[in-house]
Amino acid sequence: MMPSKHIDTGNLSVTDANKFKQSDTGVDLLQDIVIVITQAFGPMGDNLVGISDVTFNGFPAVTVRVRADGRDGLVHLSPFHGDRRKKGLTDIPRGTVCELLCPVSGESLDRVGSVGDGSGADYYAIYLTPKLSEGELVMVSNVWDHYNSRIVDDFDIVSQWAAAEDI
């Protein structure tokens, strides 16, 4: 189990929480459920999980390639939704617009759309299944330290997380 101190639960929301009642499940959604990405795919169907030996609490990282400020390198993201930890190329200045690429194919991640919060950030797709469907993905922001992501399953937002502080 991952220590919840790493997850910004104050800014994590689980949608459709009304479908789950504590009396039905015995589970407090925000205390007992942690969303872990165990498989993820780039725009050509390449696996993004476990391509390095980097782990977070025993779970393999989700790896993306990042280009920013004339630099290019791998960033290993925690697979826990809402967890800010990352390893690799991490000394990028806050607010930098990054190009997000598949670390295997080198192809740019697919742009999903604008974040819509006035930051100028865009969402990019990390697919959750080999079908590469917009209905099953993690949407990540392309602005460094702009913590704003969404998990979509069957075209419904399962979870969304956005940092409270402004960029």
# chains A, B, ... in the order shown; residues from 1 in each chain; ligands from 1

$ residues_around --residues "region 63-76 of chain A" --least-positions-apart "5" --cutoff "10 Å" --atoms "only C-alpha atoms" --output "NGL selection string"
:A and (40-42 or 47-56 or 85-90 or 92-93 or 96-104 or 106-109 or 126 or 142-144)

$ select_by_dssp --residues "region 7-147 of chain A" --states "helix (DSSP H, G or I)" --output "PyMOL selection string"
chain A and resi 9-11+17-19+22-25+29-32

$ write_last_selection --atoms "N, CA and C atoms" --output "compact mmCIF listing (two decimals), in the first residue's frame"
# COMPACT_ATOMS: atom_id res chain seq x y z
N THR A 9 -4.79 14.53 -1.65
CA THR A 9 -6.20 14.16 -1.56
C THR A 9 -7.11 15.37 -1.45
N GLY A 10 -6.58 16.52 -1.03
CA GLY A 10 -7.40 17.73 -0.97
C GLY A 10 -7.81 18.22 -2.34
N ASN A 11 -7.06 17.82 -3.36
CA ASN A 11 -7.37 18.24 -4.72
C ASN A 11 -7.69 17.07 -5.63
N ALA A 17 -18.85 9.13 -7.38
CA ALA A 17 -18.70 8.56 -6.04
C ALA A 17 -20.06 8.19 -5.45
N ASN A 18 -21.12 8.83 -5.94
CA ASN A 18 -22.45 8.52 -5.42
C ASN A 18 -22.89 7.10 -5.79
N LYS A 19 -22.20 6.46 -6.75
CA LYS A 19 -22.52 5.08 -7.11
C LYS A 19 -22.07 4.12 -6.01
N GLN A 22 -20.79 3.75 1.39
CA GLN A 22 -19.93 3.06 2.35
C GLN A 22 -20.62 1.82 2.90
N SER A 23 -21.94 1.91 3.09
CA SER A 23 -22.65 0.75 3.63
C SER A 23 -22.64 -0.42 2.63
N ASP A 24 -22.56 -0.11 1.33
CA ASP A 24 -22.54 -1.16 0.32
C ASP A 24 -21.16 -1.79 0.18
N THR A 25 -20.11 -0.97 0.29
CA THR A 25 -18.77 -1.45 -0.01
C THR A 25 -17.87 -1.55 1.21
N LEU A 29 -14.13 6.15 -0.01
CA LEU A 29 -13.47 6.35 -1.30
C LEU A 29 -12.18 7.14 -1.22
N LEU A 30 -12.17 8.27 -0.54
CA LEU A 30 -10.97 9.09 -0.54
C LEU A 30 -9.91 8.56 0.41
N GLN A 31 -10.25 7.69 1.33
CA GLN A 31 -9.26 7.14 2.25
C GLN A 31 -8.74 5.79 1.79
N ASP A 32 -9.57 4.99 1.14
CA ASP A 32 -9.21 3.60 0.88
C ASP A 32 -8.94 3.26 -0.58

$ residues_around --residues "Thr38 (chain A)" --least-positions-apart "4" --cutoff "8 Å" --atoms "only C-alpha atoms" --output "list of chain:residue names"
A:Val49, A:Phe59, A:Pro60, A:Pro79

$ atom_distance --atom1 "CA of Ala121 (chain A)" --atom2 "CA of Ile35 (chain A)"
23.5 Å

$ select_by_dssp --residues "region 75-121 of chain A" --states "strand (DSSP E)" --output "list of chain:residue names"
A:Val75, A:His76, A:Leu77, A:Lys86, A:Lys87, A:Gly88, A:Glu99, A:Leu100, A:Leu101, A:Arg111, A:Val112, A:Gly113, A:Ser114

$ write_last_selection --atoms "N, CA and C atoms" --output "mmCIF file, in the first residue's frame"
data_model
loop_
_atom_site.group_PDB
_atom_site.id
_atom_site.type_symbol
_atom_site.label_atom_id
_atom_site.label_comp_id
_atom_site.auth_asym_id
_atom_site.auth_seq_id
_atom_site.Cartn_x
_atom_site.Cartn_y
_atom_site.Cartn_z
ATOM 1 N N VAL A 75 11.311 11.025 -18.329
ATOM 2 C CA VAL A 75 10.708 11.357 -17.044
ATOM 3 C C VAL A 75 9.882 10.148 -16.636
ATOM 4 N N HIS A 76 10.166 9.643 -15.445
ATOM 5 C CA HIS A 76 9.470 8.482 -14.916
ATOM 6 C C HIS A 76 8.444 8.992 -13.908
ATOM 7 N N LEU A 77 7.176 8.818 -14.239
ATOM 8 C CA LEU A 77 6.070 9.317 -13.425
ATOM 9 C C LEU A 77 5.578 8.241 -12.475
ATOM 10 N N LYS A 86 8.271 12.111 -9.381
ATOM 11 C CA LYS A 86 8.798 11.748 -10.692
ATOM 12 C C LYS A 86 10.310 11.679 -10.574
ATOM 13 N N LYS A 87 10.921 10.937 -11.481
ATOM 14 C CA LYS A 87 12.371 10.755 -11.481
ATOM 15 C C LYS A 87 12.874 10.928 -12.904
ATOM 16 N N GLY A 88 14.163 11.115 -13.032
ATOM 17 C CA GLY A 88 14.776 11.291 -14.345
ATOM 18 C C GLY A 88 15.051 12.758 -14.588
ATOM 19 N N GLU A 99 7.331 19.373 -24.711
ATOM 20 C CA GLU A 99 6.872 18.465 -25.758
ATOM 21 C C GLU A 99 6.898 17.074 -25.142
ATOM 22 N N LEU A 100 5.783 16.367 -25.218
ATOM 23 C CA LEU A 100 5.651 15.041 -24.619
ATOM 24 C C LEU A 100 5.689 13.992 -25.720
ATOM 25 N N LEU A 101 6.595 13.034 -25.574
ATOM 26 C CA LEU A 101 6.794 12.018 -26.601
ATOM 27 C C LEU A 101 6.790 10.624 -26.008
ATOM 28 N N ARG A 111 -2.423 15.005 -28.786
ATOM 29 C CA ARG A 111 -3.052 16.135 -28.103
ATOM 30 C C ARG A 111 -4.542 15.850 -27.975
ATOM 31 N N VAL A 112 -5.061 16.036 -26.756
ATOM 32 C CA VAL A 112 -6.480 15.799 -26.498
ATOM 33 C C VAL A 112 -7.256 17.108 -26.555
ATOM 34 N N GLY A 113 -6.687 18.188 -26.031
ATOM 35 C CA GLY A 113 -7.359 19.484 -26.040
ATOM 36 C C GLY A 113 -6.793 20.387 -24.970
ATOM 37 N N SER A 114 -7.354 21.565 -24.876
ATOM 38 C CA SER A 114 -6.904 22.562 -23.907
ATOM 39 C C SER A 114 -7.348 22.173 -22.502
#

$ atom_distance --atom1 "CA of Gln39 (chain A)" --atom2 "CA of Thr129 (chain A)"
7.1 Å

$ residues_around --residues "Ser141 (chain A)" --least-positions-apart "2" --cutoff "8 Å" --atoms "only C-alpha atoms" --output "count of residues only"
12
